[in-house]
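Text of my_file-v7.tsv, listed as TSV, C-alpha atoms:
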```
chain	number	residue	atom	x	y	z
A	18	ARG	CA	7.93	-15.74	17.11
A	19	VAL	CA	4.59	-14.01	16.90
A	20	LYS	CA	1.36	-15.78	15.99
A	21	GLY	CA	-2.34	-15.01	15.96
A	22	GLU	CA	-3.63	-11.47	15.71
A	23	LEU	CA	-0.44	-9.90	14.38
A	24	ALA	CA	-0.01	-12.57	11.73
A	25	THR	CA	-3.60	-12.33	10.46
A	26	HIS	CA	-3.18	-8.66	9.58
A	27	LEU	CA	-0.50	-9.38	7.01
A	28	HIS	CA	-1.51	-9.51	3.38
A	29	PRO	CA	-2.01	-12.30	2.63
A	30	PRO	CA	-2.63	-13.60	6.17
A	31	GLN	CA	0.24	-15.66	7.59
A	32	THR	CA	0.35	-18.30	10.28
A	33	GLU	CA	3.77	-17.40	11.61
A	34	VAL	CA	5.89	-14.27	11.84
A	35	TRP	CA	9.34	-13.78	13.31
A	36	ALA	CA	9.60	-10.50	15.14
A	37	THR	CA	11.77	-8.22	17.20
A	38	ALA	CA	10.18	-6.17	19.96
A	39	GLN	CA	11.36	-3.05	21.75
A	40	LEU	CA	9.79	-1.93	25.02
A	41	SER	CA	9.48	1.86	25.23
A	42	GLY	CA	7.74	3.02	28.40
A	43	GLU	CA	4.28	1.46	28.33
A	44	ARG	CA	4.42	0.78	24.61
A	45	ILE	CA	5.89	-2.13	22.69
A	46	ASP	CA	7.16	-1.53	19.18
A	47	VAL	CA	7.18	-4.65	17.06
A	48	SER	CA	8.96	-5.06	13.75
A	49	ALA	CA	8.45	-8.38	12.02
A	50	HIS	CA	8.99	-10.18	8.76
A	51	VAL	CA	7.25	-13.21	7.30
A	52	GLN	CA	9.16	-16.46	7.17
A	53	PRO	CA	8.49	-18.42	3.96
A	54	GLY	CA	10.64	-21.22	5.37
A	55	ILE	CA	13.91	-20.88	3.49
A	56	HIS	CA	17.06	-19.73	5.27
A	57	GLY	CA	15.04	-17.40	7.51
A	58	ILE	CA	14.46	-14.98	4.65
A	59	GLY	CA	11.35	-12.85	4.94
A	60	ASP	CA	9.22	-11.21	2.30
A	61	ASP	CA	7.28	-8.53	4.15
A	62	LEU	CA	7.67	-6.15	7.06
A	63	VAL	CA	5.06	-4.84	9.46
A	64	HIS	CA	5.17	-2.44	12.36
A	65	SER	CA	2.91	-2.05	15.38
A	66	ARG	CA	2.97	0.99	17.64
A	67	ASP	CA	0.51	-0.41	20.15
A	68	THR	CA	0.05	-4.12	20.77
A	69	ASP	CA	-3.36	-3.50	22.35
A	70	ARG	CA	-4.80	-2.24	19.07
A	71	SER	CA	-4.69	-4.34	15.94
A	72	ASP	CA	-5.93	-1.47	13.77
A	73	VAL	CA	-2.58	0.34	14.01
A	74	LEU	CA	-0.77	-2.48	12.24
A	75	PHE	CA	0.33	-1.48	8.77
A	76	ASP	CA	2.62	-2.69	6.03
A	77	LEU	CA	5.70	-0.57	5.57
A	78	ASP	CA	6.18	0.75	2.06
A	79	LEU	CA	9.50	-0.90	1.32
A	80	PRO	CA	11.49	-1.23	-1.89
A	81	GLY	CA	11.07	-4.48	-3.78
A	82	ASN	CA	14.48	-5.87	-2.88
A	83	PHE	CA	13.46	-5.98	0.77
A	84	ALA	CA	12.14	-9.41	-0.25
A	85	LYS	CA	15.28	-10.87	1.35
A	86	LEU	CA	15.17	-8.97	4.62
A	87	VAL	CA	17.01	-11.00	7.28
A	88	GLY	CA	17.61	-8.61	10.18
A	89	ILE	CA	16.36	-5.39	11.72
A	90	THR	CA	17.18	-3.27	14.77
A	91	SER	CA	15.63	-0.23	16.44
A	92	SER	CA	16.50	2.67	18.70
A	93	SER	CA	14.74	2.61	22.07
A	94	ASP	CA	12.19	5.21	20.98
A	95	GLY	CA	11.47	3.35	17.74
A	96	THR	CA	12.23	6.26	15.42
A	97	LYS	CA	15.53	4.98	14.04
A	98	LEU	CA	15.48	1.63	12.29
A	99	ALA	CA	18.22	-0.21	10.43
A	100	ALA	CA	17.72	-3.35	8.36
A	101	VAL	CA	19.98	-5.71	6.42
A	102	VAL	CA	19.09	-7.50	3.20
A	103	TRP	CA	20.56	-10.85	2.14
A	104	GLY	CA	22.47	-10.21	-1.07
A	105	GLY	CA	21.71	-6.50	-0.74
A	106	ASN	CA	22.59	-3.47	1.33
A	107	ILE	CA	21.91	-1.86	4.68
A	108	TRP	CA	18.78	0.32	4.84
A	109	THR	CA	18.03	2.98	7.47
A	110	SER	CA	14.98	4.97	8.51
A	111	THR	CA	14.66	7.95	10.86
A	112	ASP	CA	10.85	8.13	10.88
A	113	SER	CA	9.84	4.73	12.29
A	114	GLY	CA	9.95	3.10	8.87
A	115	VAL	CA	7.79	5.51	6.91
A	116	THR	CA	10.69	6.22	4.53
A	117	TRP	CA	13.94	4.32	3.96
A	118	THR	CA	17.42	5.14	2.66
A	119	GLU	CA	19.70	2.56	1.05
A	120	ASP	CA	23.29	2.68	2.29
A	121	THR	CA	25.82	1.67	-0.36
A	122	SER	CA	28.86	3.03	1.46
A	123	VAL	CA	30.09	-0.45	2.46
A	124	GLY	CA	30.72	-1.28	-1.20
A	125	ASP	CA	29.35	-4.33	-2.97
A	126	THR	CA	26.14	-5.98	-1.80
A	127	LYS	CA	26.70	-8.62	0.87
A	128	GLU	CA	25.08	-11.67	2.39
A	129	TRP	CA	24.10	-9.83	5.57
A	130	ARG	CA	22.89	-11.90	8.52
A	131	GLY	CA	22.32	-9.50	11.41
A	132	ILE	CA	22.46	-5.95	12.69
A	133	THR	CA	22.28	-4.28	16.12
A	134	SER	CA	22.20	-0.73	17.45
A	135	SER	CA	22.69	1.37	20.55
A	136	SER	CA	19.58	2.63	22.32
A	137	ASP	CA	19.86	6.06	20.68
A	138	GLY	CA	20.36	4.43	17.28
A	139	THR	CA	23.61	6.22	16.46
A	140	LYS	CA	25.91	3.20	16.83
A	141	LEU	CA	25.32	0.28	14.49
A	142	ALA	CA	27.11	-3.03	13.96
A	143	ALA	CA	26.38	-5.51	11.19
A	144	VAL	CA	27.58	-9.00	10.24
A	145	GLY	CA	27.26	-11.30	7.25
A	146	ASN	CA	28.30	-14.59	5.69
A	147	ALA	CA	31.98	-14.89	4.72
A	148	GLU	CA	32.31	-11.30	5.89
A	149	ARG	CA	33.94	-9.06	8.44
A	150	ILE	CA	32.23	-7.04	11.16
A	151	TRP	CA	31.15	-3.56	10.12
A	152	THR	CA	30.52	-0.76	12.65
A	153	SER	CA	29.17	2.78	12.44
A	154	THR	CA	29.02	5.56	15.03
A	155	ASP	CA	26.86	7.94	12.98
A	156	PHE	CA	23.77	5.89	12.11
A	157	GLY	CA	25.28	4.48	8.96
A	158	GLU	CA	26.69	7.66	7.45
A	159	THR	CA	30.13	6.03	7.50
A	160	TRP	CA	31.25	2.49	8.25
A	161	THR	CA	34.43	0.86	9.55
A	162	GLU	CA	35.41	-2.65	8.45
A	163	ASP	CA	37.18	-4.77	11.06
A	164	SER	CA	39.71	-7.11	9.47
A	165	SER	CA	41.33	-8.38	12.69
A	166	MET	CA	39.34	-11.64	12.70
A	167	GLY	CA	39.29	-12.19	8.95
A	168	ASN	CA	36.23	-13.31	7.05
A	169	GLN	CA	33.89	-15.54	9.01
A	170	TRP	CA	30.38	-16.88	8.66
A	171	TRP	CA	28.87	-14.50	11.17
A	172	ARG	CA	25.40	-15.36	12.37
A	173	SER	CA	24.34	-12.77	14.95
A	174	ILE	CA	25.50	-9.66	16.80
A	175	THR	CA	24.21	-7.78	19.86
A	176	SER	CA	24.97	-4.49	21.60
A	177	SER	CA	24.73	-2.86	25.00
A	178	SER	CA	22.43	0.14	25.20
A	179	ASP	CA	25.33	2.61	24.90
A	180	GLY	CA	26.86	0.70	22.00
A	181	THR	CA	30.25	0.18	23.62
A	182	LYS	CA	29.91	-3.52	24.42
A	183	LEU	CA	29.33	-5.84	21.47
A	184	ALA	CA	29.14	-9.61	21.14
A	185	ALA	CA	29.04	-11.59	17.91
A	186	VAL	CA	28.83	-15.29	17.08
A	187	ALA	CA	30.06	-17.17	14.02
A	188	THR	CA	28.81	-20.38	12.48
A	189	SER	CA	31.33	-23.17	13.20
A	190	GLY	CA	33.25	-20.59	15.21
A	191	TYR	CA	33.35	-18.82	18.53
A	192	ILE	CA	31.82	-16.01	20.56
A	193	TYR	CA	33.66	-12.71	20.13
A	194	THR	CA	33.31	-9.70	22.42
A	195	SER	CA	34.31	-6.05	22.24
A	196	ALA	CA	34.34	-3.38	24.96
A	197	ASP	CA	35.18	-0.45	22.69
A	198	SER	CA	32.35	-0.34	20.12
A	199	GLY	CA	34.08	-2.86	17.89
A	200	ALA	CA	37.53	-1.26	17.69
A	201	THR	CA	39.10	-4.42	19.14
A	202	TRP	CA	37.75	-7.93	19.67
A	203	THR	CA	38.47	-10.89	21.97
A	204	ARG	CA	37.68	-14.51	21.15
A	205	ASP	CA	35.97	-16.33	24.02
A	206	THR	CA	37.09	-19.94	24.30
A	207	SER	CA	35.59	-20.59	27.73
A	208	VAL	CA	32.78	-22.68	26.22
A	209	GLY	CA	35.26	-25.06	24.60
A	210	GLY	CA	35.82	-25.61	20.89
A	211	SER	CA	34.01	-24.03	17.98
A	212	LYS	CA	30.25	-24.46	17.73
A	213	TYR	CA	27.50	-23.81	15.22
A	214	TRP	CA	26.37	-20.63	16.91
A	215	TRP	CA	22.90	-19.39	15.98
A	216	GLY	CA	22.23	-16.26	18.04
A	217	VAL	CA	23.41	-14.00	20.86
A	218	THR	CA	21.83	-11.33	23.05
A	219	SER	CA	22.94	-9.12	25.94
A	220	SER	CA	21.71	-7.12	28.89
A	221	SER	CA	21.41	-3.35	28.52
A	222	ASP	CA	24.80	-2.80	30.21
A	223	GLY	CA	26.39	-5.58	28.16
A	224	THR	CA	27.75	-7.50	31.14
A	225	ARG	CA	25.43	-10.48	30.75
A	226	LEU	CA	25.30	-12.49	27.54
A	227	ALA	CA	23.26	-15.44	26.34
A	228	ALA	CA	24.03	-17.41	23.19
A	229	VAL	CA	22.50	-20.42	21.47
A	230	ALA	CA	24.17	-23.04	19.29
A	231	TYR	CA	22.62	-25.35	16.71
A	232	LEU	CA	23.32	-29.03	17.41
```

Now, as a test, write the supplied structure out as structure tokens.
Amino acid sequence: RVKGELATHLHPPQTEVWATAQLSGERIDVSAHVQPGIHGIGDDLVHSRDTDRSDVLFDLDLPGNFAKLVGITSSSDGTKLAAVVWGGNIWTSTDSGVTWTEDTSVGDTKEWRGITSSSDGTKLAAVGNAERIWTSTDFGETWTEDSSMGNQWWRSITSSSDGTKLAAVATSGYIYTSADSGATWTRDTSVGGSKYWWGVTSSSDGTRLAAVAYL
């Protein structure tokens, strides 16, 4: 959650912004979207190349249906971005968000909830409500649908830096892990029964995970 200087440069100014940050050398890239307070759906997207200078903040020129942006991920150098839209499609950018391409290769629009990528941006994995896990090894040119776990109310997904280790959590479900870029998955029952999982993250090598559940 980002407040203060970043939020005041949105138009109109906002008091709160949810954001994802990527450390790249001595620079932090921040991608954020405004939270109007309903289901975590945002209605704007901003990008900062240097957190020490507010004058480099700018609104990305996004298509109108980005009004329901719910998730975004970035390569380590910040050039490749991928975003998911609730009730929409996956969008990708190879120029730090200056231009965007809509990906319709996964078929009908979906209630996407989250997306993650490898550090080089080539491997992507996305999840949605009442959906299956979708993975790509070519920055969204083609996608593979995993049907082994059936449709679930996926909430969040995370990736190791090389994209081989993935972890995903489902609402009123379990934590699932993969060690082969999503080709196969294992359900983790070590934390007991199903929970209302809300988010998951991992270390760069994917060996350490942290997940949160809504009580």

Straight-line distance linking CA of Lys140 (chain A) with CA of Ser219 (chain A), stated in Å to one decimal: 15.6 Å

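Atom pair CA of Thr121 (chain A) / CA of Thr161 (chain A) has a distance of 13.2 Å (rounded to one decimal).
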
All residues 9 Å or closer to Trp160 (chain A), only C-alpha atoms, same chain fewer than 4 positions away omitted, as a list of chain:residue names: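 The residues satisfying every condition are A:Ser122, A:Val123, A:Leu141, A:Ala142, A:Trp151, A:Thr152, A:Ser153, A:Thr154, A:Asp155.
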
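The closest residue to Gly124 (chain A), picked from A:Ile107, A:Leu232, A:Val186, A:Ala147 and counting only C-alpha atoms, is A:Ile107.
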
What does the distance between CA of Gly95 (chain A) and CA of Thr201 (chain A) come to in Å, to one decimal place? 28.7 Å

So which one's closest to Ser135 (chain A), A:Ser189, A:Ser164, A:Ser195, A:Ser92? Using all atoms listed in the file, please. A:Ser92

Polymer residues at most 6 Å from region 167-174 of chain A, only C-alpha atoms, same-chain spacing of 6 or more positions, as an MDAnalysis selection string: chainID A and resid 130:131 144:149 184:188 215:216

Which residues come within 9 Å of Trp108 (chain A), counting all atoms listed in the file, excluding same-chain residues fewer than 5 positions away, as number ranges by chain? A: 98-102, 117-121, 157

Generate a file of the selected residues that holds C-alpha atoms, formatted as a tab-separated table (two decimals), in the coordinates of the input.
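The result, written out as part.tsv:
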```tsv
chain	number	residue	atom	x	y	z
A	98	LEU	CA	15.48	1.63	12.29
A	99	ALA	CA	18.22	-0.21	10.43
A	100	ALA	CA	17.72	-3.35	8.36
A	101	VAL	CA	19.98	-5.71	6.42
A	102	VAL	CA	19.09	-7.50	3.20
A	117	TRP	CA	13.94	4.32	3.96
A	118	THR	CA	17.42	5.14	2.66
A	119	GLU	CA	19.70	2.56	1.05
A	120	ASP	CA	23.29	2.68	2.29
A	121	THR	CA	25.82	1.67	-0.36
A	157	GLY	CA	25.28	4.48	8.96
```

Could you name the residues that touch Thr203 (chain A) at 9 Å or less, counting only C-alpha atoms, but leaving out those on the same chain fewer than 3 positions away, as a list in words? Ile192, Tyr193, Thr194 and Ser195 of chain A

Of A:Ser198, A:Ser110, A:Met166, A:Ser221, the one sitting nearest Ser136 (chain A) when using only C-alpha atoms is A:Ser221

Please produce region 181-210 of chain A, completed to N, CA and C atoms, as an mmCIF file, in the frame of the given file.
```cif
data_model
loop_
_atom_site.group_PDB
_atom_site.id
_atom_site.type_symbol
_atom_site.label_atom_id
_atom_site.label_comp_id
_atom_site.auth_asym_id
_atom_site.auth_seq_id
_atom_site.Cartn_x
_atom_site.Cartn_y
_atom_site.Cartn_z
ATOM 1 N N THR A 181 28.820 0.424 23.408
ATOM 2 C CA THR A 181 30.250 0.180 23.620
ATOM 3 C C THR A 181 30.572 -1.310 23.697
ATOM 4 N N LYS A 182 29.683 -2.090 24.277
ATOM 5 C CA LYS A 182 29.910 -3.520 24.420
ATOM 6 C C LYS A 182 29.148 -4.278 23.329
ATOM 7 N N LEU A 183 29.905 -5.044 22.546
ATOM 8 C CA LEU A 183 29.330 -5.840 21.470
ATOM 9 C C LEU A 183 29.689 -7.303 21.664
ATOM 10 N N ALA A 184 28.845 -8.175 21.163
ATOM 11 C CA ALA A 184 29.140 -9.610 21.140
ATOM 12 C C ALA A 184 28.615 -10.167 19.829
ATOM 13 N N ALA A 185 29.420 -11.000 19.192
ATOM 14 C CA ALA A 185 29.040 -11.590 17.910
ATOM 15 C C ALA A 185 29.364 -13.079 17.922
ATOM 16 N N VAL A 186 28.584 -13.860 17.179
ATOM 17 C CA VAL A 186 28.830 -15.290 17.080
ATOM 18 C C VAL A 186 28.960 -15.694 15.619
ATOM 19 N N ALA A 187 29.801 -16.693 15.382
ATOM 20 C CA ALA A 187 30.060 -17.170 14.020
ATOM 21 C C ALA A 187 29.680 -18.635 13.908
ATOM 22 N N THR A 188 29.124 -18.990 12.754
ATOM 23 C CA THR A 188 28.810 -20.380 12.480
ATOM 24 C C THR A 188 30.102 -21.189 12.411
ATOM 25 N N SER A 189 30.123 -22.342 13.103
ATOM 26 C CA SER A 189 31.330 -23.170 13.200
ATOM 27 C C SER A 189 32.504 -22.322 13.677
ATOM 28 N N GLY A 190 32.227 -21.481 14.683
ATOM 29 C CA GLY A 190 33.250 -20.590 15.210
ATOM 30 C C GLY A 190 33.089 -20.364 16.692
ATOM 31 N N TYR A 191 33.330 -19.141 17.117
ATOM 32 C CA TYR A 191 33.350 -18.820 18.530
ATOM 33 C C TYR A 191 32.491 -17.591 18.828
ATOM 34 N N ILE A 192 32.415 -17.264 20.119
ATOM 35 C CA ILE A 192 31.820 -16.010 20.560
ATOM 36 C C ILE A 192 32.936 -14.976 20.632
ATOM 37 N N TYR A 193 32.680 -13.805 20.093
ATOM 38 C CA TYR A 193 33.660 -12.710 20.130
ATOM 39 C C TYR A 193 33.029 -11.523 20.842
ATOM 40 N N THR A 194 33.819 -10.858 21.674
ATOM 41 C CA THR A 194 33.310 -9.700 22.420
ATOM 42 C C THR A 194 34.201 -8.484 22.205
ATOM 43 N N SER A 195 33.584 -7.318 22.350
ATOM 44 C CA SER A 195 34.310 -6.050 22.240
ATOM 45 C C SER A 195 33.805 -5.109 23.309
ATOM 46 N N ALA A 196 34.712 -4.349 23.919
ATOM 47 C CA ALA A 196 34.340 -3.380 24.960
ATOM 48 C C ALA A 196 34.587 -1.949 24.501
ATOM 49 N N ASP A 197 34.898 -1.792 23.199
ATOM 50 C CA ASP A 197 35.180 -0.450 22.690
ATOM 51 C C ASP A 197 34.474 -0.174 21.353
ATOM 52 N N SER A 198 33.199 -0.570 21.313
ATOM 53 C CA SER A 198 32.350 -0.340 20.120
ATOM 54 C C SER A 198 32.893 -0.997 18.869
ATOM 55 N N GLY A 199 33.609 -2.103 19.032
ATOM 56 C CA GLY A 199 34.080 -2.860 17.890
ATOM 57 C C GLY A 199 35.462 -2.495 17.397
ATOM 58 N N ALA A 200 36.164 -1.620 18.108
ATOM 59 C CA ALA A 200 37.530 -1.260 17.690
ATOM 60 C C ALA A 200 38.475 -2.448 17.835
ATOM 61 N N THR A 201 38.315 -3.204 18.924
ATOM 62 C CA THR A 201 39.100 -4.420 19.140
ATOM 63 C C THR A 201 38.175 -5.526 19.607
ATOM 64 N N TRP A 202 38.588 -6.783 19.338
ATOM 65 C CA TRP A 202 37.750 -7.930 19.670
ATOM 66 C C TRP A 202 38.556 -8.996 20.392
ATOM 67 N N THR A 203 37.859 -9.781 21.242
ATOM 68 C CA THR A 203 38.470 -10.890 21.970
ATOM 69 C C THR A 203 37.680 -12.151 21.718
ATOM 70 N N ARG A 204 38.359 -13.230 21.348
ATOM 71 C CA ARG A 204 37.680 -14.510 21.150
ATOM 72 C C ARG A 204 37.498 -15.206 22.485
ATOM 73 N N ASP A 205 36.291 -15.658 22.758
ATOM 74 C CA ASP A 205 35.970 -16.330 24.020
ATOM 75 C C ASP A 205 36.018 -17.836 23.790
ATOM 76 N N THR A 206 36.954 -18.499 24.439
ATOM 77 C CA THR A 206 37.090 -19.940 24.300
ATOM 78 C C THR A 206 36.627 -20.686 25.547
ATOM 79 N N SER A 207 35.980 -19.970 26.466
ATOM 80 C CA SER A 207 35.590 -20.590 27.730
ATOM 81 C C SER A 207 34.532 -21.664 27.565
ATOM 82 N N VAL A 208 33.819 -21.661 26.431
ATOM 83 C CA VAL A 208 32.780 -22.680 26.220
ATOM 84 C C VAL A 208 33.339 -23.879 25.466
ATOM 85 N N GLY A 209 34.647 -23.933 25.286
ATOM 86 C CA GLY A 209 35.260 -25.060 24.600
ATOM 87 C C GLY A 209 35.562 -24.736 23.152
ATOM 88 N N GLY A 210 35.500 -25.765 22.304
ATOM 89 C CA GLY A 210 35.820 -25.610 20.890
ATOM 90 C C GLY A 210 34.740 -24.846 20.129
#
```
